[in-house]
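Reproduced below: upload.tsv, with TSV, C-alpha atoms.
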```
chain	number	residue	atom	x	y	z
A	1	MET	CA	94.97	-4.98	11.49
A	2	ALA	CA	92.58	-3.54	8.90
A	3	THR	CA	91.67	-5.67	5.92
A	4	HIS	CA	92.64	-4.17	2.56
A	5	PRO	CA	89.81	-4.02	-0.02
A	6	ALA	CA	91.97	-6.02	-2.42
A	7	ASP	CA	92.04	-8.88	0.08
A	8	ASN	CA	88.24	-8.96	0.12
A	9	LEU	CA	88.15	-9.02	-3.68
A	10	ALA	CA	90.61	-11.92	-3.74
A	11	ALA	CA	88.54	-13.79	-1.15
A	12	ASP	CA	85.40	-13.32	-3.25
A	13	ALA	CA	87.03	-14.22	-6.57
A	14	PHE	CA	87.04	-18.00	-6.14
A	15	PRO	CA	83.42	-18.58	-5.01
A	16	THR	CA	82.17	-16.07	-7.60
A	17	ALA	CA	84.05	-17.80	-10.42
A	18	LEU	CA	82.93	-21.22	-9.22
A	19	ARG	CA	79.26	-20.17	-9.03
A	20	THR	CA	79.50	-18.70	-12.53
A	21	ALA	CA	81.08	-21.86	-13.91
A	22	ILE	CA	78.46	-24.10	-12.28
A	23	GLN	CA	75.62	-21.98	-13.62
A	24	ALA	CA	77.16	-21.94	-17.10
A	25	SER	CA	77.57	-25.73	-17.07
A	26	GLY	CA	73.86	-26.27	-16.43
A	27	LEU	CA	74.78	-29.09	-14.01
A	28	SER	CA	73.26	-29.57	-10.58
A	29	LEU	CA	75.56	-30.15	-7.62
A	30	ASP	CA	74.37	-33.77	-7.48
A	31	ARG	CA	75.30	-34.24	-11.13
A	32	ILE	CA	78.69	-32.65	-10.61
A	33	GLN	CA	79.33	-34.97	-7.67
A	34	TYR	CA	78.34	-37.94	-9.86
A	35	ARG	CA	80.78	-36.94	-12.60
A	36	LEU	CA	83.59	-36.42	-10.10
A	37	ARG	CA	82.87	-39.83	-8.58
A	38	ALA	CA	83.16	-41.38	-12.05
A	39	ARG	CA	86.71	-39.99	-12.10
A	40	GLY	CA	87.46	-41.59	-8.75
A	41	VAL	CA	87.15	-38.30	-6.87
A	42	SER	CA	85.01	-38.03	-3.73
A	43	VAL	CA	83.59	-34.58	-2.97
A	44	SER	CA	80.33	-34.13	-1.08
A	45	VAL	CA	77.48	-31.96	-2.30
A	46	THR	CA	77.81	-30.09	0.99
A	47	ALA	CA	81.44	-29.25	0.21
A	48	LEU	CA	80.58	-28.08	-3.30
A	49	SER	CA	77.83	-25.88	-1.88
A	50	TYR	CA	80.17	-24.37	0.72
A	51	TRP	CA	82.86	-23.73	-1.90
A	52	GLN	CA	80.55	-21.80	-4.21
A	53	SER	CA	79.04	-19.80	-1.35
A	54	GLY	CA	82.45	-18.83	0.04
A	55	ARG	CA	81.64	-20.36	3.42
A	56	ARG	CA	84.53	-22.78	3.04
A	57	ARG	CA	87.18	-23.30	0.42
A	58	PRO	CA	89.35	-26.21	-0.69
A	59	GLU	CA	92.62	-26.21	1.22
A	60	ARG	CA	93.45	-29.85	1.97
A	61	ALA	CA	95.67	-31.67	-0.53
A	62	GLU	CA	92.80	-34.01	-1.47
A	63	SER	CA	90.45	-31.06	-2.05
A	64	LEU	CA	92.98	-29.21	-4.19
A	65	ALA	CA	93.49	-32.34	-6.29
A	66	ALA	CA	89.72	-32.66	-6.67
A	67	LEU	CA	89.55	-29.05	-7.83
A	68	GLY	CA	91.57	-29.91	-10.94
A	69	HIS	CA	88.98	-32.53	-11.89
A	70	LEU	CA	86.20	-30.08	-11.08
A	71	GLU	CA	87.64	-27.60	-13.59
A	72	SER	CA	87.49	-30.29	-16.25
A	73	VAL	CA	83.92	-31.29	-15.37
A	74	LEU	CA	82.80	-27.64	-15.57
A	75	GLY	CA	84.66	-27.03	-18.81
A	76	VAL	CA	86.83	-24.17	-17.60
A	77	ALA	CA	90.51	-23.65	-18.35
A	78	PRO	CA	92.88	-25.87	-16.31
A	79	GLY	CA	94.18	-24.03	-13.28
A	80	SER	CA	91.75	-21.12	-13.65
A	81	LEU	CA	89.86	-21.84	-10.42
A	82	ILE	CA	92.90	-22.92	-8.43
A	83	ALA	CA	94.63	-19.65	-9.32
A	84	LEU	CA	91.84	-17.69	-7.61
A	85	LEU	CA	92.20	-19.37	-4.22
A	86	GLY	CA	94.92	-17.06	-2.99
A	87	PRO	CA	96.96	-17.81	0.17
A	88	PRO	CA	95.60	-20.27	2.76
A	89	ARG	CA	93.30	-18.86	5.41
A	90	PRO	CA	94.81	-18.48	8.88
A	91	ARG	CA	94.30	-21.42	11.19
A	92	GLY	CA	93.61	-21.27	14.88
A	93	ARG	CA	91.05	-21.03	17.61
A	94	VAL	CA	89.26	-17.92	16.33
A	95	GLN	CA	88.60	-19.34	12.88
A	96	ARG	CA	87.60	-22.78	14.13
A	97	GLU	CA	85.18	-21.54	16.78
A	98	SER	CA	83.48	-19.20	14.31
A	99	SER	CA	82.50	-22.15	12.13
A	100	ARG	CA	79.26	-23.94	12.89
A	101	LEU	CA	77.76	-26.47	10.54
A	102	PRO	CA	74.04	-27.21	10.34
A	103	ILE	CA	73.31	-30.53	12.05
A	104	GLU	CA	72.11	-32.14	8.82
A	105	ALA	CA	75.35	-31.20	7.02
A	106	LEU	CA	77.15	-34.03	8.83
A	107	TRP	CA	75.05	-36.72	7.15
A	108	PRO	CA	75.61	-37.83	3.53
A	109	GLU	CA	71.83	-37.71	3.05
A	110	ARG	CA	70.74	-34.38	4.53
A	111	GLU	CA	67.03	-34.34	3.73
A	112	PRO	CA	65.85	-37.05	6.18
A	113	VAL	CA	67.72	-35.36	9.04
A	114	SER	CA	66.40	-31.94	8.08
A	115	LYS	CA	62.80	-33.20	8.00
A	116	LEU	CA	63.24	-34.93	11.35
A	117	LEU	CA	64.57	-31.79	13.03
A	118	LYS	CA	61.52	-29.81	11.90
A	119	ARG	CA	59.42	-32.00	14.19
A	120	ILE	CA	61.24	-30.91	17.35
A	121	ASP	CA	62.51	-27.61	18.80
A	122	PHE	CA	66.26	-27.09	18.57
A	123	THR	CA	66.21	-23.29	18.40
A	124	THR	CA	68.67	-22.78	21.27
A	125	GLU	CA	71.07	-25.52	20.16
A	126	THR	CA	73.17	-22.98	18.26
A	127	ALA	CA	73.66	-20.94	21.46
A	128	LEU	CA	75.31	-23.85	23.31
A	129	THR	CA	79.01	-24.66	23.22
A	130	LYS	CA	80.03	-28.22	24.07
A	131	LEU	CA	83.11	-27.94	26.23
A	132	SER	CA	83.37	-31.68	26.88
A	133	GLN	CA	81.67	-34.82	25.58
A	134	HIS	CA	82.01	-38.31	27.05
A	135	ASP	CA	80.25	-41.24	25.38
A	136	ARG	CA	80.31	-44.86	26.52
A	137	MET	CA	78.94	-47.72	24.43
A	138	ASP	CA	78.33	-51.19	25.88
A	139	VAL	CA	78.42	-54.03	23.35
A	140	ALA	CA	76.72	-57.28	24.43
A	141	VAL	CA	78.01	-60.82	24.12
A	142	ASP	CA	75.75	-61.32	21.08
A	143	ARG	CA	77.61	-58.39	19.42
A	144	GLY	CA	74.54	-56.19	19.60
A	145	GLU	CA	74.53	-52.63	20.92
A	146	LYS	CA	73.35	-52.63	24.51
A	147	ARG	CA	73.60	-49.09	25.86
A	148	ILE	CA	75.08	-45.70	25.10
A	149	ALA	CA	75.68	-43.33	28.02
A	150	VAL	CA	76.29	-39.66	27.20
A	151	ARG	CA	77.77	-36.96	29.43
A	152	GLN	CA	78.11	-33.38	28.17
A	153	VAL	CA	79.49	-30.21	29.70
A	154	VAL	CA	77.88	-27.26	27.92
A	155	ARG	CA	78.11	-23.48	28.14
A	156	ALA	CA	75.45	-20.95	27.14
A	157	GLU	CA	76.53	-18.23	24.73
A	158	ARG	CA	73.40	-16.13	25.33
A	159	ASP	CA	70.62	-15.84	27.90
A	160	GLY	CA	67.68	-18.23	27.86
A	161	VAL	CA	69.28	-21.39	26.51
A	162	ASP	CA	67.11	-24.27	27.67
A	163	ARG	CA	67.84	-27.32	25.52
A	164	THR	CA	70.19	-29.25	23.32
A	165	VAL	CA	69.29	-31.83	20.70
A	166	MET	CA	70.26	-35.43	20.07
A	167	VAL	CA	70.20	-37.18	16.67
A	168	TYR	CA	71.00	-40.89	16.56
A	169	ASP	CA	71.49	-42.98	13.44
A	170	LEU	CA	70.74	-46.71	13.67
A	171	GLU	CA	73.03	-47.21	10.63
A	172	ARG	CA	70.92	-50.22	9.75
A	173	PRO	CA	67.27	-49.13	9.32
A	174	GLY	CA	64.77	-51.67	10.58
A	175	ARG	CA	66.45	-52.16	13.93
A	176	PRO	CA	64.34	-51.27	16.99
A	177	PHE	CA	64.89	-47.76	18.28
A	178	PRO	CA	66.53	-47.32	21.69
A	179	GLU	CA	64.71	-45.84	24.68
A	180	ILE	CA	66.13	-42.42	25.61
A	181	THR	CA	66.31	-41.76	29.34
A	182	SER	CA	67.54	-38.76	31.34
A	183	GLN	CA	70.24	-39.38	33.93
A	184	GLN	CA	71.32	-36.01	35.33
A	185	ALA	CA	70.24	-32.34	35.08
A	186	CYS	CA	67.89	-32.85	32.16
A	187	ARG	CA	64.66	-34.41	30.97
A	188	ILE	CA	63.63	-35.77	27.61
A	189	GLY	CA	61.31	-33.58	25.55
A	190	ARG	CA	59.79	-34.32	22.18
A	191	ILE	CA	61.05	-37.31	20.23
A	192	ALA	CA	60.82	-37.77	16.46
A	193	ARG	CA	61.54	-40.97	14.54
A	194	ASP	CA	62.03	-41.83	10.88
A	195	GLU	CA	61.57	-45.59	10.53
A	196	ALA	CA	62.65	-45.72	6.87
A	197	ALA	CA	65.86	-43.77	7.43
A	198	GLY	CA	66.59	-45.32	10.84
A	199	LEU	CA	66.93	-41.92	12.53
A	200	ILE	CA	65.71	-40.66	15.89
A	201	ALA	CA	65.94	-37.12	17.28
A	202	ALA	CA	65.10	-35.85	20.74
A	203	GLU	CA	65.03	-32.64	22.73
A	204	ILE	CA	67.29	-32.79	25.80
A	205	LEU	CA	65.73	-30.18	28.09
A	206	LEU	CA	67.90	-28.54	30.73
A	207	GLU	CA	66.67	-28.27	34.34
A	208	SER	CA	66.33	-24.51	33.92
A	209	PRO	CA	67.30	-21.91	31.29
A	210	LEU	CA	70.92	-20.81	31.38
A	211	ALA	CA	72.22	-17.26	31.43
A	212	ARG	CA	75.08	-16.34	29.15
A	213	GLY	CA	78.31	-17.89	30.41
A	214	ASP	CA	76.54	-20.45	32.62
A	215	THR	CA	77.56	-24.09	32.33
A	216	ALA	CA	75.67	-27.32	32.88
A	217	ILE	CA	76.49	-31.02	33.09
A	218	VAL	CA	73.95	-33.12	31.25
A	219	GLU	CA	73.71	-36.91	31.23
A	220	TYR	CA	71.34	-39.13	29.29
A	221	ALA	CA	71.35	-42.68	27.91
A	222	LEU	CA	70.12	-44.67	24.92
A	223	ASN	CA	69.01	-48.13	26.02
A	224	HIS	CA	68.58	-50.72	23.28
A	225	PRO	CA	65.93	-53.41	23.82
A	226	GLY	CA	67.20	-56.92	24.51
A	227	PRO	CA	68.48	-59.47	24.87
A	228	PRO	CA	68.95	-60.31	22.13
A	229	PHE	CA	70.39	-56.90	21.25
A	230	SER	CA	70.27	-55.65	17.68
A	231	ARG	CA	73.55	-55.25	15.86
A	232	GLY	CA	74.48	-52.05	14.05
A	233	ASP	CA	77.31	-51.62	11.57
A	234	ASP	CA	80.00	-52.43	14.17
A	235	SER	CA	81.01	-48.81	14.65
A	236	TYR	CA	80.25	-45.75	16.75
A	237	CYS	CA	80.35	-42.23	15.32
A	238	ARG	CA	79.89	-38.90	17.09
A	239	ARG	CA	79.18	-35.88	14.89
A	240	PHE	CA	80.24	-32.37	15.95
A	241	THR	CA	78.84	-29.22	14.35
A	242	THR	CA	81.38	-27.06	16.21
A	243	PRO	CA	84.78	-27.72	17.80
A	244	VAL	CA	84.78	-29.52	21.15
A	245	ARG	CA	87.66	-29.11	23.57
A	246	GLU	CA	87.60	-32.73	24.72
A	247	PHE	CA	85.87	-35.84	23.45
A	248	VAL	CA	86.27	-39.22	25.14
A	249	LEU	CA	84.76	-42.37	23.69
A	250	GLU	CA	84.71	-45.54	25.80
A	251	LEU	CA	83.84	-48.95	24.42
A	252	ARG	CA	83.01	-51.89	26.66
A	253	PHE	CA	82.83	-55.26	24.97
A	254	ASP	CA	81.76	-58.41	26.78
A	255	PRO	CA	84.98	-60.28	27.67
A	256	ARG	CA	83.43	-63.40	26.14
A	257	ALA	CA	83.16	-61.72	22.74
A	258	LEU	CA	86.15	-59.51	21.97
A	259	PRO	CA	86.70	-57.91	18.55
A	260	ALA	CA	89.66	-58.98	16.45
A	261	TYR	CA	90.55	-55.43	15.48
A	262	CYS	CA	89.48	-51.92	16.45
A	263	GLU	CA	90.43	-48.59	14.88
A	264	LEU	CA	89.50	-44.93	15.00
A	265	TYR	CA	89.20	-42.49	12.12
A	266	THR	CA	87.82	-39.02	11.56
A	267	ILE	CA	85.74	-37.51	8.76
A	268	ASP	CA	86.06	-33.81	7.99
A	269	PRO	CA	83.21	-31.62	6.65
A	270	ASP	CA	84.40	-32.34	3.09
A	271	GLU	CA	83.80	-36.06	3.83
A	272	GLN	CA	87.51	-36.87	3.67
A	273	THR	CA	88.56	-39.72	5.98
A	274	THR	CA	91.71	-39.05	7.99
A	275	ASN	CA	93.71	-40.03	11.07
A	276	ARG	CA	93.19	-43.79	10.95
A	277	ARG	CA	94.92	-45.60	13.79
A	278	LYS	CA	94.52	-48.73	15.86
A	279	VAL	CA	92.65	-48.75	19.17
A	280	ASP	CA	93.70	-51.34	21.75
A	281	VAL	CA	91.10	-53.50	23.49
A	282	ASN	CA	92.22	-55.12	26.76
A	283	ALA	CA	91.28	-58.55	28.08
A	284	ALA	CA	88.37	-57.07	30.04
A	285	GLY	CA	86.90	-55.74	26.79
A	286	GLU	CA	87.68	-52.09	27.53
A	287	ALA	CA	88.86	-49.59	24.92
A	288	HIS	CA	88.88	-45.82	24.61
A	289	ALA	CA	89.80	-43.01	22.26
A	290	VAL	CA	90.35	-39.31	22.99
A	291	ALA	CA	90.15	-36.24	20.77
A	292	LEU	CA	91.16	-32.70	21.80
A	293	ASP	CA	89.97	-29.55	20.02
A	294	PHE	CA	88.15	-31.66	17.46
A	295	GLY	CA	85.57	-30.49	14.94
A	296	PRO	CA	83.56	-29.68	13.07
A	297	GLY	CA	83.47	-33.23	11.75
A	298	THR	CA	82.80	-36.82	12.70
A	299	PHE	CA	84.84	-38.99	15.07
A	300	CYS	CA	84.40	-42.74	14.60
A	301	VAL	CA	85.60	-46.02	16.02
A	302	ARG	CA	84.91	-49.26	14.14
A	303	TRP	CA	85.71	-52.89	14.89
A	304	ASP	CA	85.96	-56.27	13.15
A	305	TRP	CA	84.95	-59.59	14.68
A	306	PRO	CA	87.02	-62.81	14.46
A	307	ARG	CA	86.31	-64.58	11.17
A	308	ASP	CA	85.87	-67.98	12.78
A	309	GLN	CA	82.81	-66.74	14.67
A	310	THR	CA	79.39	-65.79	13.34
```
Write-out of the structure in structure tokens:
Amino acid sequence: MATHPADNLAADAFPTALRTAIQASGLSLDRIQYRLRARGVSVSVTALSYWQSGRRRPERAESLAALGHLESVLGVAPGSLIALLGPPRPRGRVQRESSRLPIEALWPEREPVSKLLKRIDFTTETALTKLSQHDRMDVAVDRGEKRIAVRQVVRAERDGVDRTVMVYDLERPGRPFPEITSQQACRIGRIARDEAAGLIAAEILLESPLARGDTAIVEYALNHPGPPFSRGDDSYCRRFTTPVREFVLELRFDPRALPAYCELYTIDPDEQTTNRRKVDVNAAGEAHAVALDFGPGTFCVRWDWPRDQT
């Protein structure tokens, strides 16, 4: 079906009006975010940037509610921006697979990640589609993170794809970085670390370049030094820049040190937290969570320890 010119004008009206209002206000996106936060509204700078560029638009109930506060912060007439949104965009596979976020967009603080990525080569990362991702984290008896095993099934979308990239966040800067080791069909290329931010990035080089449509199974691991093993923030998060058909996260706790509670939640590109639900941990310390057709966004599992233990 052909797109009517009026539809294009309607699609452009909202980001154009928002850009004009932001410029007229003289406020930076950081300042706008600060003023929204003072009203109890959480909107990321990334989301604001996407809204004004037209790359994304507010559609979730939380985002539409935030838009009313944004109108007030920018000093425009109530309802003037909301009225320009038009009907919701169609949902489905085509729209979701056409969206790809920059890697750094999935972190609240983008600059450290962006600087880190400039020190390695991730030029073919955007030509890889992750069909399946399987992560397994082993948590030691001292509650520290012991090992993370990663298995990916990837497909090349053009000829010559020869690498993917890994970015890992220690969550608590100052912890020792893990050793990254190849397990199957890959080798580890350049590694970049940011001690202050607690970030590490690495090139995961494929055995040989892929032709368009070729698939590969890649396995690597992050081995934390120990014992004793350093403790993170008692969570595991996997960030996806594009949709993944299947994501499986396994957690293996030492049976001598089981968490009191475990839950999963997701974070969308607008940094809205959704889909909280409990994750069961059996007597052997095993737990898992599964996501289908997930992303872009962040999939997390967090846990709490019994209060009577240190």
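Using all atoms listed in the file, the shortest contact distance between Ser25 of chain A and any of A:Ala140, A:Ala65, A:Val248, A:Val73 is found at A:Val73.
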Quiz item: For the atom pair atom CA of Leu70 of chain A and atom CA of Cys300 of chain A, what is the interatomic distance in Å to one decimal place?
Solution: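 Pair atom CA of Leu70 of chain A / atom CA of Cys300 of chain A returns 28.7 Å.
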Exercise. Step by step: start from the point (64.6, -24.5, 33.0) in the file's coordinates, keep every protein, DNA or RNA residue that has an atom no farther than 10 Å from it, count only C-alpha atoms, and write the set as number ranges by chain.
Key: A: 160-163, 185-186, 205-210
Exercise. Find, counting only C-alpha atoms, the residue in A:Ile103, A:Ala127, A:Val244, A:Met166 that gets nearest to Asp214 of chain A.
Key: A:Ala127
Centre and edge lengths, as JSON, for the axis-aligned box enclosing every listed atom of segment 181-198 of chain A with 6 Å of padding on each of the six sides, in Å to one decimal?
```
{"center_x": 65.6, "center_y": -39.0, "center_z": 21.1, "size_x": 23.5, "size_y": 25.4, "size_z": 40.5}
```
Self-check item: Protein and nucleic acid residues near (67.1, -60.2, 25.6) (cut-off 12 Å, all atoms listed in the file) as a count of residues only
Solution: 13
Quiz item: Neighbours of Lys115 of chain A within 12 Å (all atoms listed in the file; same-chain residues fewer than 5 positions away dropped), as a ChimeraX atom specification?
Solution: /A:103-104,109-110,120,192-194,197,199-201
Practice problem: Could you give me, as a list of chain:residue names, the residues within 12 Å of His69 of chain A, counting all atoms listed in the file and dropping anything in the same chain fewer than 3 positions from it? | Solution: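 Neighbouring residues, sequence-local ones excluded: A:Ile32, A:Gln33, A:Arg35, A:Leu36, A:Arg37, A:Ala38, A:Arg39, A:Gly40, A:Val41, A:Ser42, A:Val43, A:Glu62, A:Ser63, A:Leu64, A:Ala65, A:Ala66, A:Ser72, A:Val73, A:Leu74, A:Gly75, A:Val76, A:Ala77, A:Pro78, A:Gly79, A:Ser80, A:Leu81, A:Ile82.
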Practice problem: Find the distance between atom CA of Pro102 of chain A and atom CA of Phe299 of chain A and write it in Å to one decimal. | Solution: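 Atom-to-atom, atom CA of Pro102 of chain A and atom CA of Phe299 of chain A are spaced 16.7 Å apart.
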Taking the partial coordinates given, rebuild segment 162-175 of chain A to contain N, CA and C atoms; return it as a PDB file, in the coordinates of the input.
```pdb
ATOM      1  N   ASP A 162      67.808 -23.302  26.822  1.00  0.00           N
ATOM      2  CA  ASP A 162      67.110 -24.270  27.670  1.00  0.00           C
ATOM      3  C   ASP A 162      67.122 -25.695  27.149  1.00  0.00           C
ATOM      4  N   ARG A 163      67.839 -25.956  26.042  1.00  0.00           N
ATOM      5  CA  ARG A 163      67.840 -27.320  25.520  1.00  0.00           C
ATOM      6  C   ARG A 163      68.984 -27.541  24.554  1.00  0.00           C
ATOM      7  N   THR A 164      69.318 -28.814  24.393  1.00  0.00           N
ATOM      8  CA  THR A 164      70.190 -29.250  23.320  1.00  0.00           C
ATOM      9  C   THR A 164      69.409 -30.319  22.554  1.00  0.00           C
ATOM     10  N   VAL A 165      70.004 -30.864  21.529  1.00  0.00           N
ATOM     11  CA  VAL A 165      69.290 -31.830  20.700  1.00  0.00           C
ATOM     12  C   VAL A 165      70.178 -33.046  20.472  1.00  0.00           C
ATOM     13  N   MET A 166      69.555 -34.179  20.350  1.00  0.00           N
ATOM     14  CA  MET A 166      70.260 -35.430  20.070  1.00  0.00           C
ATOM     15  C   MET A 166      69.702 -36.037  18.788  1.00  0.00           C
ATOM     16  N   VAL A 167      70.591 -36.435  17.865  1.00  0.00           N
ATOM     17  CA  VAL A 167      70.200 -37.180  16.670  1.00  0.00           C
ATOM     18  C   VAL A 167      71.010 -38.465  16.639  1.00  0.00           C
ATOM     19  N   TYR A 168      70.320 -39.583  16.542  1.00  0.00           N
ATOM     20  CA  TYR A 168      71.000 -40.890  16.560  1.00  0.00           C
ATOM     21  C   TYR A 168      70.631 -41.664  15.301  1.00  0.00           C
ATOM     22  N   ASP A 169      71.644 -42.235  14.678  1.00  0.00           N
ATOM     23  CA  ASP A 169      71.490 -42.980  13.440  1.00  0.00           C
ATOM     24  C   ASP A 169      71.674 -44.467  13.727  1.00  0.00           C
ATOM     25  N   LEU A 170      70.649 -45.256  13.443  1.00  0.00           N
ATOM     26  CA  LEU A 170      70.740 -46.710  13.670  1.00  0.00           C
ATOM     27  C   LEU A 170      71.741 -47.373  12.739  1.00  0.00           C
ATOM     28  N   GLU A 171      72.124 -46.687  11.652  1.00  0.00           N
ATOM     29  CA  GLU A 171      73.030 -47.210  10.630  1.00  0.00           C
ATOM     30  C   GLU A 171      72.408 -48.333   9.811  1.00  0.00           C
ATOM     31  N   ARG A 172      71.646 -49.161  10.451  1.00  0.00           N
ATOM     32  CA  ARG A 172      70.920 -50.220   9.750  1.00  0.00           C
ATOM     33  C   ARG A 172      69.424 -50.049  10.005  1.00  0.00           C
ATOM     34  N   PRO A 173      68.714 -49.336   9.120  1.00  0.00           N
ATOM     35  CA  PRO A 173      67.270 -49.130   9.320  1.00  0.00           C
ATOM     36  C   PRO A 173      66.534 -50.451   9.471  1.00  0.00           C
ATOM     37  N   GLY A 174      65.528 -50.446  10.303  1.00  0.00           N
ATOM     38  CA  GLY A 174      64.770 -51.670  10.580  1.00  0.00           C
ATOM     39  C   GLY A 174      65.053 -52.213  11.957  1.00  0.00           C
ATOM     40  N   ARG A 175      66.168 -51.782  12.559  1.00  0.00           N
ATOM     41  CA  ARG A 175      66.450 -52.160  13.930  1.00  0.00           C
ATOM     42  C   ARG A 175      65.480 -51.437  14.863  1.00  0.00           C
TER      43      ARG A 175
END
```
